[in-house]
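Below: one structure, written as structure tokens.
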There are 2 protein chains.
Amino acid sequence: MLATGFNVVGFNWMSSPAATELESIVMDWLGEMLCLPKSFLFSGNGGGVLQGTTCEAILCTLVAARDQILSRIGKDNIGKLVVYCSDQTHSAFQKASLIAGIYPNNFRVIKTTRSTSFALSPRSLRSTICSDIQQGLVPAYLCATVGTTSTTAVDPLGPLCDVTKDYGIWVHVDAAYAGSICICPEFRHFIDGVEGANSFSFNAHKWFFTTLDCCCLWVKDPSALIKALSTNPEYLRNKATDSNQVVDYKDWQIALSRRFRAMKLWLVLRSYGVEKLRNILRSHVEMAKLFEELIATDKRFEIVVPRNFALVCFRVSPSAISEGKTIPSSELLGDNKYINDVNEKLLESINASGRSYMTHTVIDGMFVLRCAIGATLTEEPHIIMASKVVKQHADAILNMSTLTIYMGRVD
Amino acid sequence: MLATGFNVVGFNWMSSPAATELESIVMDWLGEMLCLPKSFLFSGNGGGVLQGTTCEAILCTLVAARDQILSRIGKDNIGKLVVYCSDQTHSAFQKASLIAGIYPNNFRVIKTTRSTSFALSPRSLRSTICSDIQQGLVPAYLCATVGTTSTTAVDPLGPLCDVTKDYGIWVHVDAAYAGSICICPEFRHFIDGVEGANSFSFNAHKWFFTTLDCCCLWVKDPSALIKALSTNPEYLRNKATDSNQVVDYKDWQIALSRRFRAMKLWLVLRSYGVEKLRNILRSHVEMAKLFEELIATDKRFEIVVPRNFALVCFRVSPSAISEGKTIPSSELLGDNKYINDVNEKLLESINASGRSYMTHTVIDGMFVLRCAIGATLTEEPHIIMASKVVKQHADAILNMSTLTIYMGRVD
């Protein structure tokens with residue numbers, strides 16, 4: 001907390017050399033822990049920077065990609081640029097696209113399905129791109145995700161980059177949540193293929209024990225960022241900048257002023273150490289696995305998608321709800337509404353108990369409960385307790401008369 | 001510092017009601033301290049929000065203005081939008097315009113002159129606007145400044161808004177530095193005319209005793225911001241939002257996640273109180289006045305622009321440099337190069353002494369030293385000492401042979 005509050009105004013290298021130097025070093029350390037290709041590190045020709053949030057990381061790289069293409073095809077052609085993502089991509093991408101002036105009609109959301117665990121299909125991507133090109137549009141940017149918000153789905157980076165490289169599309173990998181665990185060798189495969197991407201980000205404030213905000217972004221070509229985002233007013237001119245020997249992070253981000261975020265990341269890395277960090281993250285995954293098992297062995301529940309990391313997505317299954325009830329068949333068919341209502345009721349009831357706090361998503365029309373493990377103080381007994389809370393509340397809800405539940409919603 | 005590190009993830013009201021409620025309250029308090037028109041406060045129909053930096057405040061309001069106009073004239077017309085500022089406006093505005101997709105050719109920088117203390121002239125603004133309209137372009141946004149970075153120049157808000165209202169231009173007032181002092185009744189006149197603007201921002205982390213980052217932004221029409229910046233994914237859906245009774249600050253800013261910045265502002269307001277804050281700010285202005293007097297009474301110096309707040313802009317005057325020296329007349333005429341070199345040398349020499357730290361600007365071709373008073377621990381003896389440091393280093397430099405100084409630069 002103190003590291004967060006440490007007040008350094010680091011526009012450029014000159015205004016706080018220590019803040020910039022530490023950030024560069026820490027970002028290379030972390031890049032090495034993730035086995036990022038050398039081309040993303042300062043020790044290669046790339047580099048890392050701490051942004052506030054993924055929204056900012058996406059906006060900065062999108063503007064870099066946009067201006068790189070516009071410098072080739074002319075500034076007047078912003079209306080031709082198309083950006084791509086899946087229907088599981090974080091809403092930050094849509095917001096960044098709107099801010100960057102990408103035409104809303106050129107924001108392509110490619111549908112995913114449960115059969116591929118909601119991952120973006122390279123084939124669908126290619127056909128969407130081809131159809132855009134046929135219409136005279138210019139494909140510009142793909143936001144791929146490793147660990148989507150709803151269900152921690154993983155887009156296949158290698159095959160996606162095989163598609164984009166044919167069209168010169170900037171690929172950003174948003175591993176906001178799941179990036180952390182990729183410091184463990186047995187999880188590294190989730191970002192295999194990142195070597196084909198242009199930029200990669202993950203949020204240390206999500207699952208890497210720093211306070212908000214601390215989004216780690218690496219780019220292969222810092223000059224693309226700098227070209228798009230640099231300004232050089234006289235009052236910031238200084239010999240260090242003129243020497244071209246230093247990094248001025250103001251040109252890697254939206255704002256001019258920046259805090260000393262590297263300090264908190266440095267504190268985490270030095271106080272835990274890489275082995276301890278790996279083991280804590282692994283223990284979260286193990287606890288999530290335990291929660292998944294405890295829920296899955298109760299036949300009233302279904303695990304909606306395979307668990308990749310430490311998020312479990314589950315719901316009361318349709319069969320458990322219909323069992324022994326007289327539900328109008330029209331309600332059980334069609335839009336899942338009745339089943340969803342029961343699950344929403346269950347979530348509200350669990351959260352109202354004050355013993356566990358879970359969230360939800362709606363995916364493929366299903367209302368799904370999400371249990372995320374990741375706090376520093378969480379231990380196995382909490383997981384066992386949480387599974388009991390879920391079951392007890394399900395008992396109560398499934399024993400209520402169908403009519404009551406349903407009317408509760410209609411009201 | 002602890003308040004800064006306090007880790008709350010407040011996307012929306014629901015994720016941390018206290019953070020949102022406190023922010024709304026604190027922003028209304030502060031708006032009242034500044035005597036902002038009620039239309040900028042929640043208690044009117046406007047509202048305030050804490051952004052990270054002025055860059056973000058400008059970008060958000062620019063995107064709101066952009067989309068408001070584009071919804072009227074069609075999304076395809078982004079290339080027609082023109083934005084306005086003076087040659088003294090902070091570079092943040094240029095950066096925000098580039099990010100928002102405003103065509104670089106439509107970024108109008110209106111020249112200011114020393115004769116009007118570098119304030120933006122309403123007449124020049126009107127003629128620039130008229131010429132743009134004649135060319136079929138659409139005036140969209142004006143960034144006016146109260147307290148410019150270089151010299152704390154003040155753009156005349158009232159007369160500027162009289163111009164813009166004829167064309168439906170969004171006016172943002174950037175009072176990043178000078179906004180703070182406007183809580184003193186005797187300084188409030190500097191923002192007279194703000195009632196005609198659409199948005200107003202100042203940085204509490206500049207001269208209002210909070211740590212970075214804490215940019216206070218008020219808007220008259222929050223719905224314009226929300227229309228441009230809101231996203232509503234399922235995983236953030238909640239009853240509070242659906243009720244339309246709460247503020248979801250995620251829709252007032254670039255990022256989704258946000259910290260509990262209101263806490264540090266609340267701490268400042270509650271621990272100092274408005275009277276003490278006023279008195280501290282006044283004491284800074286008094287000390288700047290003293291520094292100005294101490295420099296101005298030494299005939300070797302000139303005060304380059306009238307001091308408005310707590311920044312003194314000065315230089316060694318051309319006459320002091322030429323006195324008793326044999327300087328090639330070509331150097332004393334023309335581009336000021338020789339005079340500027342002497343002043344740059346003076347600044348370097350002062351800063352290298354480690355006793356005072358000053359910055360510079362180049363304005364109207366003149367290299368100018370800037371002495372800013374504003375730290376919490378600064379007292380009168382420091383000011384007297386600083387003025388002595390300046391004079392001692394000027395002694396040394398003016399006594400050096402002309403040739404040495406000049407060759408030092410040529411080397």
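Chain labels A, B, ... are given in the sequence in which chains occur in the structure tokens; within each chain residues are numbered consecutively from 1, and ligands are likewise numbered from 1 in the order shown.
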Contact residues (chain B, partner chain A, 9 Å, only C-alpha atoms) as a PyMOL selection string | chain B and resi 1-9+52-56+59-60+63+75-76+78-79+90-92+94-96+98-104+149-150+211-213+228-237+254-259+359-363
Could you fit chain A onto chain B with a least-squares superposition over all C-alpha atoms, matched one to one in order, and give me the transformed chain as a compact mmCIF listing (two decimals) with C-alpha atoms, in the first residue's frame?
```txt
# COMPACT_ATOMS: atom_id res chain seq x y z
CA MET A 1 -0.10 7.48 1.00
CA LEU A 2 -2.13 4.77 2.68
CA ALA A 3 -5.33 6.22 1.27
CA THR A 4 -3.77 5.95 -2.17
CA GLY A 5 -2.87 2.32 -1.65
CA PHE A 6 -6.27 1.35 -0.27
CA ASN A 7 -7.32 -1.31 -2.72
CA VAL A 8 -10.91 -1.09 -3.88
CA VAL A 9 -11.91 -2.21 -7.33
CA GLY A 10 -14.76 0.13 -8.12
CA PHE A 11 -15.97 -0.53 -11.66
CA ASN A 12 -19.53 0.35 -10.89
CA TRP A 13 -21.55 1.46 -7.88
CA MET A 14 -22.29 -2.14 -6.92
CA SER A 15 -18.67 -3.23 -6.67
CA SER A 16 -17.96 -0.60 -4.01
CA PRO A 17 -20.85 1.66 -3.06
CA ALA A 18 -18.75 3.56 -0.50
CA ALA A 19 -16.12 4.52 -3.09
CA THR A 20 -18.73 5.90 -5.47
CA GLU A 21 -20.82 7.66 -2.84
CA LEU A 22 -17.80 9.33 -1.25
CA GLU A 23 -16.51 10.44 -4.66
CA SER A 24 -19.85 12.02 -5.56
CA ILE A 25 -20.02 13.83 -2.23
CA VAL A 26 -16.43 15.03 -2.28
CA MET A 27 -16.77 16.28 -5.86
CA ASP A 28 -19.85 18.29 -4.91
CA TRP A 29 -18.03 19.74 -1.87
CA LEU A 30 -15.09 20.74 -4.00
CA GLY A 31 -17.36 22.15 -6.72
CA GLU A 32 -19.02 24.30 -4.07
CA MET A 33 -15.63 25.47 -2.78
CA LEU A 34 -14.84 26.58 -6.33
CA CYS A 35 -18.27 28.23 -6.66
CA LEU A 36 -18.84 26.20 -9.80
CA PRO A 37 -22.32 26.79 -11.21
CA LYS A 38 -24.83 24.30 -9.78
CA SER A 39 -25.21 22.82 -13.27
CA PHE A 40 -21.78 21.15 -12.81
CA LEU A 41 -22.75 19.45 -9.54
CA PHE A 42 -24.75 16.32 -8.76
CA SER A 43 -27.00 18.61 -6.75
CA GLY A 44 -27.73 20.25 -10.13
CA ASN A 45 -27.95 17.99 -13.18
CA GLY A 46 -24.22 17.63 -13.71
CA GLY A 47 -21.59 15.82 -11.72
CA GLY A 48 -17.95 15.33 -10.90
CA VAL A 49 -15.58 12.39 -11.29
CA LEU A 50 -11.95 11.72 -10.38
CA GLN A 51 -9.80 10.91 -13.37
CA GLY A 52 -6.12 10.04 -13.31
CA THR A 53 -4.77 12.96 -15.28
CA THR A 54 -5.84 15.91 -17.40
CA CYS A 55 -5.04 13.85 -20.50
CA GLU A 56 -7.78 11.41 -19.51
CA ALA A 57 -10.23 14.20 -18.60
CA ILE A 58 -9.69 15.80 -22.00
CA LEU A 59 -9.87 12.49 -23.88
CA CYS A 60 -13.15 11.49 -22.21
CA THR A 61 -14.86 14.83 -22.81
CA LEU A 62 -13.50 15.02 -26.36
CA VAL A 63 -14.90 11.59 -27.17
CA ALA A 64 -18.25 12.65 -25.66
CA ALA A 65 -18.27 15.83 -27.77
CA ARG A 66 -17.16 13.92 -30.88
CA ASP A 67 -19.88 11.30 -30.59
CA GLN A 68 -22.53 13.89 -29.79
CA ILE A 69 -21.80 15.67 -33.06
CA LEU A 70 -21.28 12.48 -35.09
CA SER A 71 -24.66 11.17 -33.98
CA ARG A 72 -26.08 14.29 -35.65
CA ILE A 73 -23.97 14.49 -38.80
CA GLY A 74 -23.18 10.79 -39.31
CA LYS A 75 -20.36 8.51 -38.16
CA ASP A 76 -18.62 8.87 -41.52
CA ASN A 77 -17.82 12.50 -40.87
CA ILE A 78 -15.10 12.17 -38.25
CA GLY A 79 -12.74 13.71 -40.81
CA LYS A 80 -14.71 16.96 -40.71
CA LEU A 81 -14.41 17.59 -36.99
CA VAL A 82 -12.12 20.44 -35.95
CA VAL A 83 -10.73 21.08 -32.48
CA TYR A 84 -9.24 24.33 -31.17
CA CYS A 85 -6.66 25.47 -28.70
CA SER A 86 -3.92 28.05 -28.35
CA ASP A 87 -0.19 27.60 -28.81
CA GLN A 88 0.00 27.61 -24.98
CA THR A 89 -2.40 24.71 -24.46
CA HIS A 90 -0.90 21.64 -22.82
CA SER A 91 0.37 18.92 -25.17
CA ALA A 92 -2.12 16.54 -23.52
CA PHE A 93 -4.77 18.01 -25.80
CA GLN A 94 -2.87 17.16 -28.95
CA LYS A 95 -2.31 13.64 -27.67
CA ALA A 96 -5.98 13.19 -26.76
CA SER A 97 -7.03 14.46 -30.19
CA LEU A 98 -4.74 11.98 -31.93
CA ILE A 99 -6.02 9.12 -29.80
CA ALA A 100 -9.65 10.09 -30.48
CA GLY A 101 -9.04 9.95 -34.22
CA ILE A 102 -9.36 13.70 -34.91
CA TYR A 103 -7.49 14.27 -38.17
CA PRO A 104 -4.13 15.91 -37.46
CA ASN A 105 -4.91 18.53 -40.11
CA ASN A 106 -8.01 19.52 -38.15
CA PHE A 107 -6.11 20.32 -34.97
CA ARG A 108 -6.09 24.15 -34.83
CA VAL A 109 -3.41 25.85 -32.80
CA ILE A 110 -4.18 29.56 -32.51
CA LYS A 111 -1.20 31.82 -31.98
CA THR A 112 -0.99 33.98 -28.87
CA THR A 113 1.23 37.01 -28.27
CA ARG A 114 3.16 38.56 -25.42
CA SER A 115 1.00 41.70 -25.69
CA THR A 116 -2.01 39.77 -24.36
CA SER A 117 0.12 37.75 -21.93
CA PHE A 118 -0.26 34.69 -24.14
CA ALA A 119 -4.04 34.38 -23.64
CA LEU A 120 -6.21 33.00 -26.44
CA SER A 121 -7.94 35.80 -28.32
CA PRO A 122 -11.71 35.33 -28.85
CA ARG A 123 -11.41 37.28 -32.08
CA SER A 124 -8.77 34.93 -33.48
CA LEU A 125 -10.88 31.98 -32.38
CA ARG A 126 -13.93 33.30 -34.21
CA SER A 127 -12.08 33.98 -37.43
CA THR A 128 -10.50 30.51 -37.36
CA ILE A 129 -13.89 28.91 -36.79
CA CYS A 130 -15.49 30.91 -39.60
CA SER A 131 -12.79 29.92 -42.04
CA ASP A 132 -13.25 26.24 -41.09
CA ILE A 133 -16.99 26.42 -41.59
CA GLN A 134 -16.48 28.02 -44.98
CA GLN A 135 -14.41 25.00 -45.92
CA GLY A 136 -17.22 22.63 -44.95
CA LEU A 137 -15.60 21.53 -41.68
CA VAL A 138 -17.42 21.12 -38.36
CA PRO A 139 -16.07 22.89 -35.24
CA ALA A 140 -16.32 20.45 -32.35
CA TYR A 141 -14.26 21.23 -29.27
CA LEU A 142 -12.30 24.03 -27.65
CA CYS A 143 -9.75 23.40 -24.92
CA ALA A 144 -9.39 26.66 -22.98
CA THR A 145 -6.78 26.99 -20.25
CA VAL A 146 -6.75 28.80 -16.91
CA GLY A 147 -3.10 28.84 -15.92
CA THR A 148 -1.07 27.53 -18.86
CA THR A 149 1.92 25.30 -18.22
CA SER A 150 4.54 27.66 -19.63
CA THR A 151 3.51 30.92 -17.98
CA THR A 152 0.15 30.42 -16.19
CA ALA A 153 -1.63 32.51 -18.83
CA VAL A 154 -5.41 32.69 -18.47
CA ASP A 155 -7.71 32.35 -21.47
CA PRO A 156 -10.78 34.64 -21.13
CA LEU A 157 -13.54 32.08 -20.55
CA GLY A 158 -16.53 34.43 -20.82
CA PRO A 159 -15.65 35.97 -24.20
CA LEU A 160 -14.48 32.59 -25.58
CA CYS A 161 -17.75 30.91 -24.62
CA ASP A 162 -19.62 33.81 -26.22
CA VAL A 163 -17.94 32.77 -29.46
CA THR A 164 -18.37 29.00 -29.14
CA LYS A 165 -22.06 29.12 -28.18
CA ASP A 166 -22.86 30.40 -31.67
CA TYR A 167 -21.46 27.17 -33.14
CA GLY A 168 -22.41 24.51 -30.60
CA ILE A 169 -18.78 23.79 -29.70
CA TRP A 170 -17.98 21.78 -26.55
CA VAL A 171 -15.77 23.90 -24.28
CA HIS A 172 -13.46 22.20 -21.83
CA VAL A 173 -11.66 24.34 -19.25
CA ASP A 174 -8.27 22.95 -18.29
CA ALA A 175 -7.37 24.58 -14.96
CA ALA A 176 -4.94 21.77 -14.08
CA TYR A 177 -2.64 23.98 -12.06
CA ALA A 178 -4.59 27.14 -11.27
CA GLY A 179 -7.93 25.57 -10.37
CA SER A 180 -6.83 25.02 -6.77
CA ILE A 181 -6.35 28.69 -5.91
CA CYS A 182 -9.83 29.52 -7.23
CA ILE A 183 -11.22 28.28 -3.91
CA CYS A 184 -10.05 31.69 -2.60
CA PRO A 185 -12.70 34.34 -3.31
CA GLU A 186 -10.09 36.87 -4.45
CA PHE A 187 -8.87 34.45 -7.15
CA ARG A 188 -12.26 33.10 -8.23
CA HIS A 189 -12.52 35.71 -11.02
CA PHE A 190 -9.94 33.75 -13.02
CA ILE A 191 -12.63 31.17 -13.82
CA ASP A 192 -15.42 33.67 -14.35
CA GLY A 193 -17.29 32.60 -17.46
CA VAL A 194 -16.99 28.89 -16.65
CA GLU A 195 -20.80 28.82 -16.64
CA GLY A 196 -20.63 28.87 -20.44
CA ALA A 197 -18.34 25.79 -20.60
CA ASN A 198 -19.33 22.13 -20.81
CA SER A 199 -16.61 20.68 -18.61
CA PHE A 200 -13.96 21.84 -16.17
CA SER A 201 -10.98 20.05 -14.68
CA PHE A 202 -8.14 20.68 -12.27
CA ASN A 203 -5.47 18.45 -10.76
CA ALA A 204 -5.61 18.03 -7.02
CA HIS A 205 -2.22 16.29 -7.31
CA LYS A 206 -0.64 19.50 -8.59
CA TRP A 207 -1.37 22.13 -5.97
CA PHE A 208 -3.96 20.63 -3.65
CA PHE A 209 -1.88 18.24 -1.54
CA THR A 210 -3.00 14.84 -2.80
CA THR A 211 -0.58 12.34 -4.27
CA LEU A 212 -0.66 11.54 -7.98
CA ASP A 213 -3.11 10.79 -9.60
CA CYS A 214 -6.16 12.90 -8.82
CA CYS A 215 -7.66 14.98 -11.63
CA CYS A 216 -11.04 16.46 -10.71
CA LEU A 217 -13.43 16.70 -13.66
CA TRP A 218 -16.93 18.16 -13.68
CA VAL A 219 -19.36 17.97 -16.57
CA LYS A 220 -22.71 19.62 -17.10
CA ASP A 221 -24.12 16.72 -19.08
CA PRO A 222 -22.97 13.36 -17.70
CA SER A 223 -25.22 11.59 -20.21
CA ALA A 224 -22.93 12.72 -23.04
CA LEU A 225 -20.00 10.99 -21.31
CA ILE A 226 -22.05 7.92 -20.54
CA LYS A 227 -23.35 7.59 -24.09
CA ALA A 228 -19.80 7.63 -25.42
CA LEU A 229 -18.11 5.49 -22.77
CA SER A 230 -20.56 2.95 -21.39
CA THR A 231 -20.42 -0.78 -21.97
CA ASN A 232 -22.73 -3.23 -20.28
CA PRO A 233 -21.47 -6.80 -20.37
CA GLU A 234 -23.51 -9.42 -18.57
CA TYR A 235 -20.91 -10.06 -15.86
CA LEU A 236 -21.34 -6.46 -14.66
CA ARG A 237 -25.13 -6.45 -14.70
CA ASN A 238 -26.66 -5.82 -11.27
CA LYS A 239 -29.85 -4.54 -9.70
CA ALA A 240 -28.37 -1.23 -8.56
CA THR A 241 -27.38 -0.34 -12.14
CA ASP A 242 -30.71 -1.55 -13.51
CA SER A 243 -32.50 0.74 -11.07
CA ASN A 244 -30.92 3.84 -12.66
CA GLN A 245 -30.59 5.25 -9.16
CA VAL A 246 -26.80 5.03 -8.88
CA VAL A 247 -23.69 6.42 -10.57
CA ASP A 248 -21.52 3.84 -12.36
CA TYR A 249 -18.28 5.75 -12.73
CA LYS A 250 -16.90 3.16 -15.18
CA ASP A 251 -19.03 4.97 -17.78
CA TRP A 252 -17.37 8.32 -17.02
CA GLN A 253 -13.80 7.23 -17.80
CA ILE A 254 -11.57 5.26 -20.16
CA ALA A 255 -10.88 2.22 -17.99
CA LEU A 256 -13.34 -0.16 -16.39
CA SER A 257 -11.46 -0.64 -13.12
CA ARG A 258 -10.86 2.31 -10.84
CA ARG A 259 -9.25 2.96 -7.50
CA PHE A 260 -10.70 4.70 -4.44
CA ARG A 261 -9.21 8.10 -5.24
CA ALA A 262 -11.91 9.96 -3.34
CA MET A 263 -10.36 8.78 -0.10
CA LYS A 264 -7.22 10.88 -0.44
CA LEU A 265 -9.17 13.94 -1.51
CA TRP A 266 -11.55 13.47 1.41
CA LEU A 267 -8.55 13.20 3.74
CA VAL A 268 -7.12 16.48 2.43
CA LEU A 269 -10.42 18.32 2.71
CA ARG A 270 -11.23 17.01 6.19
CA SER A 271 -7.76 17.29 7.68
CA TYR A 272 -7.00 20.84 6.47
CA GLY A 273 -10.47 22.35 6.09
CA VAL A 274 -11.30 25.01 3.55
CA GLU A 275 -9.91 28.04 5.44
CA LYS A 276 -6.54 26.41 6.07
CA LEU A 277 -6.32 25.27 2.46
CA ARG A 278 -7.02 28.80 1.28
CA ASN A 279 -4.38 30.21 3.59
CA ILE A 280 -1.70 27.75 2.50
CA LEU A 281 -2.36 28.48 -1.17
CA ARG A 282 -2.33 32.22 -0.46
CA SER A 283 0.99 31.88 1.33
CA HIS A 284 2.46 30.22 -1.78
CA VAL A 285 1.29 33.13 -3.90
CA GLU A 286 2.74 35.58 -1.36
CA MET A 287 6.08 33.75 -1.47
CA ALA A 288 6.05 33.82 -5.26
CA LYS A 289 5.35 37.55 -5.08
CA LEU A 290 8.36 37.95 -2.78
CA PHE A 291 10.58 35.95 -5.15
CA GLU A 292 9.35 38.08 -8.04
CA GLU A 293 10.21 41.27 -6.15
CA LEU A 294 13.64 40.04 -5.16
CA ILE A 295 14.42 39.18 -8.77
CA ALA A 296 12.77 42.26 -10.29
CA THR A 297 14.72 44.69 -8.10
CA ASP A 298 17.96 43.32 -9.56
CA LYS A 299 18.18 45.21 -12.83
CA ARG A 300 19.96 42.35 -14.57
CA PHE A 301 16.72 40.35 -14.67
CA GLU A 302 13.37 40.84 -16.31
CA ILE A 303 10.04 39.31 -15.33
CA VAL A 304 8.88 38.00 -18.68
CA VAL A 305 5.12 37.86 -18.06
CA PRO A 306 3.00 39.25 -15.22
CA ARG A 307 2.74 36.70 -12.42
CA ASN A 308 -0.84 35.44 -11.89
CA PHE A 309 -0.38 32.69 -9.33
CA ALA A 310 2.71 31.13 -7.75
CA LEU A 311 4.91 30.73 -10.82
CA VAL A 312 7.52 33.35 -11.64
CA CYS A 313 8.87 33.51 -15.21
CA PHE A 314 12.10 35.45 -15.53
CA ARG A 315 15.34 35.66 -17.42
CA VAL A 316 18.60 37.57 -17.53
CA SER A 317 17.72 40.55 -19.69
CA PRO A 318 19.43 41.18 -23.02
CA SER A 319 20.81 44.50 -21.75
CA ALA A 320 22.55 42.82 -18.80
CA ILE A 321 24.16 40.36 -21.15
CA SER A 322 25.36 42.91 -23.66
CA GLU A 323 26.69 45.30 -21.01
CA GLY A 324 30.43 45.60 -21.23
CA LYS A 325 30.76 42.64 -23.59
CA THR A 326 31.89 42.43 -27.12
CA ILE A 327 29.23 40.28 -28.61
CA PRO A 328 28.89 39.93 -32.34
CA SER A 329 25.84 42.09 -33.08
CA SER A 330 24.43 39.36 -35.27
CA GLU A 331 24.15 37.23 -32.14
CA LEU A 332 22.25 39.80 -30.12
CA LEU A 333 19.79 40.43 -32.87
CA GLY A 334 17.77 37.93 -34.75
CA ASP A 335 16.87 34.74 -33.01
CA ASN A 336 17.79 35.50 -29.43
CA LYS A 337 20.16 32.57 -29.56
CA TYR A 338 22.97 34.12 -27.56
CA ILE A 339 20.65 35.50 -24.89
CA ASN A 340 18.91 32.17 -24.66
CA ASP A 341 22.22 30.36 -24.32
CA VAL A 342 23.18 32.49 -21.34
CA ASN A 343 19.86 31.82 -19.66
CA GLU A 344 20.03 28.10 -20.33
CA LYS A 345 23.51 28.08 -18.84
CA LEU A 346 22.16 29.91 -15.80
CA LEU A 347 19.39 27.34 -15.32
CA GLU A 348 21.81 24.44 -15.59
CA SER A 349 24.15 26.09 -13.15
CA ILE A 350 21.37 26.74 -10.59
CA ASN A 351 20.08 23.16 -10.82
CA ALA A 352 23.56 21.68 -10.66
CA SER A 353 24.09 23.51 -7.35
CA GLY A 354 21.51 21.25 -5.70
CA ARG A 355 20.18 24.17 -3.65
CA SER A 356 17.18 25.08 -5.83
CA TYR A 357 15.46 23.33 -8.69
CA MET A 358 13.85 25.37 -11.45
CA THR A 359 12.53 24.55 -14.88
CA HIS A 360 12.26 26.41 -18.14
CA THR A 361 10.12 27.16 -21.12
CA VAL A 362 10.66 28.77 -24.49
CA ILE A 363 8.07 31.38 -25.26
CA ASP A 364 7.99 33.85 -28.12
CA GLY A 365 11.52 32.69 -28.91
CA MET A 366 12.78 33.46 -25.40
CA PHE A 367 14.35 30.88 -23.09
CA VAL A 368 12.70 31.62 -19.74
CA LEU A 369 13.43 30.30 -16.24
CA ARG A 370 10.41 29.18 -14.19
CA CYS A 371 10.35 29.20 -10.43
CA ALA A 372 7.27 27.48 -9.01
CA ILE A 373 6.31 27.72 -5.32
CA GLY A 374 3.88 25.11 -4.07
CA ALA A 375 5.44 22.49 -1.81
CA THR A 376 3.97 22.04 1.64
CA LEU A 377 7.29 22.61 3.41
CA THR A 378 8.38 25.76 1.56
CA GLU A 379 8.82 28.86 3.72
CA GLU A 380 10.02 32.43 3.24
CA PRO A 381 13.69 31.72 4.07
CA HIS A 382 13.77 29.19 1.21
CA ILE A 383 12.53 31.89 -1.16
CA ILE A 384 15.18 34.35 -0.04
CA MET A 385 17.80 31.64 -0.38
CA ALA A 386 16.56 30.73 -3.87
CA SER A 387 16.75 34.33 -5.04
CA LYS A 388 20.31 34.51 -3.72
CA VAL A 389 21.22 31.31 -5.55
CA VAL A 390 19.88 32.80 -8.78
CA LYS A 391 21.86 35.99 -8.31
CA GLN A 392 25.09 34.25 -7.37
CA HIS A 393 24.96 32.00 -10.39
CA ALA A 394 24.09 34.95 -12.61
CA ASP A 395 27.14 36.78 -11.20
CA ALA A 396 29.37 33.91 -12.18
CA ILE A 397 27.88 33.48 -15.62
CA LEU A 398 27.79 37.15 -16.52
CA ASN A 399 31.40 37.50 -15.43
CA MET A 400 32.57 34.67 -17.61
CA SER A 401 34.06 35.68 -20.90
CA THR A 402 31.51 35.88 -23.66
CA LEU A 403 33.60 33.55 -25.72
CA THR A 404 33.62 30.80 -23.11
CA ILE A 405 29.89 30.77 -22.74
CA TYR A 406 29.38 30.78 -26.40
CA MET A 407 31.87 28.08 -27.16
CA GLY A 408 30.35 25.98 -24.43
CA ARG A 409 27.20 25.90 -26.46
CA VAL A 410 28.85 25.39 -29.79
CA ASP A 411 30.71 22.41 -28.45
```
Please, which residues of range 310-380 of chain B, numbered as in this document, come out strand (DSSP E) from DSSP, as a list in words?
-> Leu311, Val312, Cys313, Phe314, Arg315, Val316, Thr359, His360, Thr361, Val362, Ile363, Met366, Phe367, Val368, Leu369, Arg370, Cys371 and Ala372 of chain B
Return as a ChimeraX atom specification the full set of residues in range 123-276 of chain B whose backbone-based DSSP assignment is alpha helix (DSSP H).
-> /B:123-134,157-164,204-207,222-229,239-242,262-272,274-276
